[in-house]
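Presented below is the structure to which this report refers.
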Amino acid sequence: IIADPTGYLRSLQIQVSRQFAERKWVLRRCVNAREKIENGLNSFNTAAPLHDQVTSWLFPTGITTHVLLVAALRNPTVRLRYLAARGVLEEYGHSGLYAELMELLGC
């Protein structure tokens, strides 16, 4: 719960919601997700303990779904992101790419 006694956050939210689907903002969110993937994978430390290696591989790999979801104006949730990404791929006629997405995850 966020207190907003001045109404500043509400006015900001209204402005953001009006521009949310504009191409330039969608592209910026996609680029941001891609950069998170690249930065995460580039910081992989092979000398780290195995559990740290798995975590540093798993999180950026999971963000691959975010690129698809934000491009489709969907919420990139953590828990259901792969199911949601599959739905987006099917909706846009690219269901065959889901297998590639799973392969990136190691499935």
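Chain identifiers are assigned as A, B, and so on, following the order in which chains appear in the structure tokens; residues are numbered from 1 within each chain, and ligands are numbered from 1 in order of appearance.
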message: Show me, as a list in words, the residues that have an atom within 10 Å of region 88-92 of chain A when counting only C-alpha atoms, minus same-chain residues fewer than 5 positions from it.
response: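 Here the answer would be Thr65, Leu68, Leu69, Ala71, Ala72, Leu73, Arg74, Tyr82, Leu83, Leu97 and Tyr98 of chain A.
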Resulting file, chosen residues, N, CA and C atoms, as a short mmCIF file (atom, residue, chain, number, x, y, z; two decimals), in the first residue's frame:
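Writing done, so here's result_4.cif:
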```
data_model
loop_
_atom_site.label_atom_id
_atom_site.label_comp_id
_atom_site.auth_asym_id
_atom_site.auth_seq_id
_atom_site.Cartn_x
_atom_site.Cartn_y
_atom_site.Cartn_z
N THR A 65 11.22 -14.77 -21.35
CA THR A 65 9.76 -14.69 -21.49
C THR A 65 9.27 -13.25 -21.38
N LEU A 68 8.90 -11.31 -24.67
CA LEU A 68 7.67 -11.65 -25.39
C LEU A 68 6.44 -11.03 -24.73
N LEU A 69 6.40 -11.12 -23.41
CA LEU A 69 5.22 -10.65 -22.70
C LEU A 69 5.06 -9.14 -22.74
N ALA A 71 6.25 -7.17 -25.01
CA ALA A 71 5.95 -6.81 -26.40
C ALA A 71 4.47 -6.99 -26.69
N ALA A 72 3.85 -7.97 -26.04
CA ALA A 72 2.42 -8.24 -26.25
C ALA A 72 1.55 -7.50 -25.23
N LEU A 73 2.16 -6.59 -24.47
CA LEU A 73 1.45 -5.80 -23.45
C LEU A 73 0.83 -6.68 -22.37
N ARG A 74 1.54 -7.75 -22.03
CA ARG A 74 1.10 -8.66 -20.96
C ARG A 74 1.98 -8.47 -19.74
N TYR A 82 6.06 -18.65 -18.26
CA TYR A 82 6.23 -19.56 -19.39
C TYR A 82 4.88 -19.93 -20.00
N LEU A 83 3.90 -20.15 -19.19
CA LEU A 83 2.56 -20.43 -19.69
C LEU A 83 2.01 -19.22 -20.45
N LEU A 97 7.98 -21.64 -31.71
CA LEU A 97 9.10 -21.04 -30.98
C LEU A 97 9.12 -21.41 -29.50
N TYR A 98 8.01 -21.93 -29.01
CA TYR A 98 7.96 -22.29 -27.58
C TYR A 98 8.98 -23.37 -27.25
#
```
- prompt: In Å, with one decimal, what is the gap from CA of Thr46 (chain A) to CA of His66 (chain A)?
  reply: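 These two atoms are separated by 25.4 Å.
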Applying 10 Å and only C-alpha atoms, which residues near region 16-20 of chain A remain after dropping the ones on its own chain fewer than 5 positions away? List them as a short mmCIF file (atom, residue, chain, number, x, y, z; two decimals) with N, CA, C and O atoms, in the first residue's frame.
```cif
data_model
loop_
_atom_site.label_atom_id
_atom_site.label_comp_id
_atom_site.auth_asym_id
_atom_site.auth_seq_id
_atom_site.Cartn_x
_atom_site.Cartn_y
_atom_site.Cartn_z
N ARG A 10 -0.76 9.26 -8.44
CA ARG A 10 -1.96 8.98 -9.24
C ARG A 10 -1.88 9.69 -10.59
O ARG A 10 -2.17 9.10 -11.62
N SER A 11 -1.45 10.94 -10.60
CA SER A 11 -1.34 11.66 -11.88
C SER A 11 -0.26 11.04 -12.75
O SER A 11 -0.40 10.95 -13.97
N TRP A 25 7.60 3.11 -26.06
CA TRP A 25 7.70 2.61 -24.68
C TRP A 25 7.74 1.09 -24.66
O TRP A 25 8.44 0.50 -23.82
N VAL A 26 7.00 0.45 -25.54
CA VAL A 26 7.05 -1.01 -25.63
C VAL A 26 8.47 -1.45 -26.01
O VAL A 26 9.04 -2.36 -25.39
N ARG A 29 10.82 -1.12 -23.10
CA ARG A 29 10.67 -2.20 -22.12
C ARG A 29 11.29 -3.50 -22.64
O ARG A 29 11.91 -4.25 -21.88
N LEU A 73 2.16 -6.59 -24.47
CA LEU A 73 1.45 -5.80 -23.45
C LEU A 73 0.83 -6.68 -22.37
O LEU A 73 -0.24 -6.42 -21.86
#
```
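If you measure from each of A:Glu100, A:Arg86, A:Val70, A:Cys107 to Ala21 (chain A) using only C-alpha atoms, the closest one turns out to be A:Val70.
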message: as an MDAnalysis selection string, please: every residue in chain A that DSSP puts in helix (DSSP H, G or I).
response: chainID A and resid 8:19 23:42 50:62 64:71 81:91 97:105
File of the preceding selection, C-alpha atoms, as a short mmCIF file (atom, residue, chain, number, x, y, z; two decimals), in the first residue's frame:
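Output file result_9.cif follows:
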```
data_model
loop_
_atom_site.label_atom_id
_atom_site.label_comp_id
_atom_site.auth_asym_id
_atom_site.auth_seq_id
_atom_site.Cartn_x
_atom_site.Cartn_y
_atom_site.Cartn_z
CA TYR A 8 1.34 12.97 -7.52
CA LEU A 9 1.61 9.21 -7.97
CA ARG A 10 -1.96 8.98 -9.24
CA SER A 11 -1.34 11.66 -11.88
CA LEU A 12 1.88 9.91 -12.88
CA GLN A 13 0.01 6.60 -13.17
CA ILE A 14 -2.59 8.21 -15.41
CA GLN A 15 0.11 9.64 -17.68
CA VAL A 16 1.98 6.32 -17.87
CA SER A 17 -1.20 4.36 -18.59
CA ARG A 18 -2.05 6.68 -21.50
CA GLN A 19 1.34 6.06 -23.12
CA ARG A 23 5.56 1.67 -29.67
CA LYS A 24 8.51 3.66 -28.28
CA TRP A 25 7.70 2.61 -24.68
CA VAL A 26 7.05 -1.01 -25.63
CA LEU A 27 10.41 -1.12 -27.42
CA ARG A 28 12.15 0.44 -24.42
CA ARG A 29 10.67 -2.20 -22.12
CA CYS A 30 11.76 -4.95 -24.53
CA VAL A 31 15.29 -3.53 -24.73
CA ASN A 32 15.41 -3.28 -20.95
CA ALA A 33 14.43 -6.95 -20.61
CA ARG A 34 17.00 -7.98 -23.21
CA GLU A 35 19.71 -6.00 -21.41
CA LYS A 36 18.83 -7.74 -18.14
CA ILE A 37 19.28 -11.08 -19.88
CA GLU A 38 22.61 -10.08 -21.43
CA ASN A 39 23.97 -8.47 -18.26
CA GLY A 40 22.93 -11.43 -16.16
CA LEU A 41 24.50 -14.01 -18.46
CA ASN A 42 27.63 -11.90 -18.95
CA LEU A 50 27.13 -24.65 -8.16
CA HIS A 51 24.01 -23.24 -6.46
CA ASP A 52 25.15 -19.69 -7.31
CA GLN A 53 25.89 -20.71 -10.89
CA VAL A 54 22.40 -22.19 -11.28
CA THR A 55 20.78 -19.06 -9.88
CA SER A 56 22.85 -16.71 -12.04
CA TRP A 57 21.90 -18.73 -15.12
CA LEU A 58 18.25 -19.32 -14.19
CA PHE A 59 17.16 -15.73 -13.58
CA PRO A 60 18.40 -14.19 -16.85
CA THR A 61 17.18 -17.21 -18.80
CA GLY A 62 13.71 -16.76 -17.30
CA THR A 64 13.50 -14.32 -22.04
CA THR A 65 9.76 -14.69 -21.49
CA HIS A 66 9.55 -11.06 -20.40
CA VAL A 67 10.61 -9.82 -23.82
CA LEU A 68 7.67 -11.65 -25.39
CA LEU A 69 5.22 -10.65 -22.70
CA VAL A 70 6.01 -6.95 -22.58
CA ALA A 71 5.95 -6.81 -26.40
CA ARG A 81 5.53 -16.47 -17.28
CA TYR A 82 6.23 -19.56 -19.39
CA LEU A 83 2.56 -20.43 -19.69
CA ALA A 84 1.75 -16.81 -20.56
CA ALA A 85 4.59 -16.69 -23.12
CA ARG A 86 3.27 -19.87 -24.73
CA GLY A 87 -0.14 -18.21 -25.02
CA VAL A 88 1.39 -15.12 -26.66
CA LEU A 89 3.36 -17.23 -29.13
CA GLU A 90 0.23 -19.20 -30.03
CA GLU A 91 -1.82 -16.02 -30.37
CA LEU A 97 9.10 -21.04 -30.98
CA TYR A 98 7.96 -22.29 -27.58
CA ALA A 99 10.17 -25.36 -27.93
CA GLU A 100 13.16 -23.05 -28.49
CA LEU A 101 12.22 -21.06 -25.40
CA MET A 102 12.11 -24.29 -23.38
CA GLU A 103 15.46 -25.34 -24.84
CA LEU A 104 17.04 -22.10 -23.56
CA LEU A 105 15.82 -23.11 -20.13
#
```
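Between CA of Ala48 (chain A) and CA of Arg79 (chain A) the separation is 26.4 Å.
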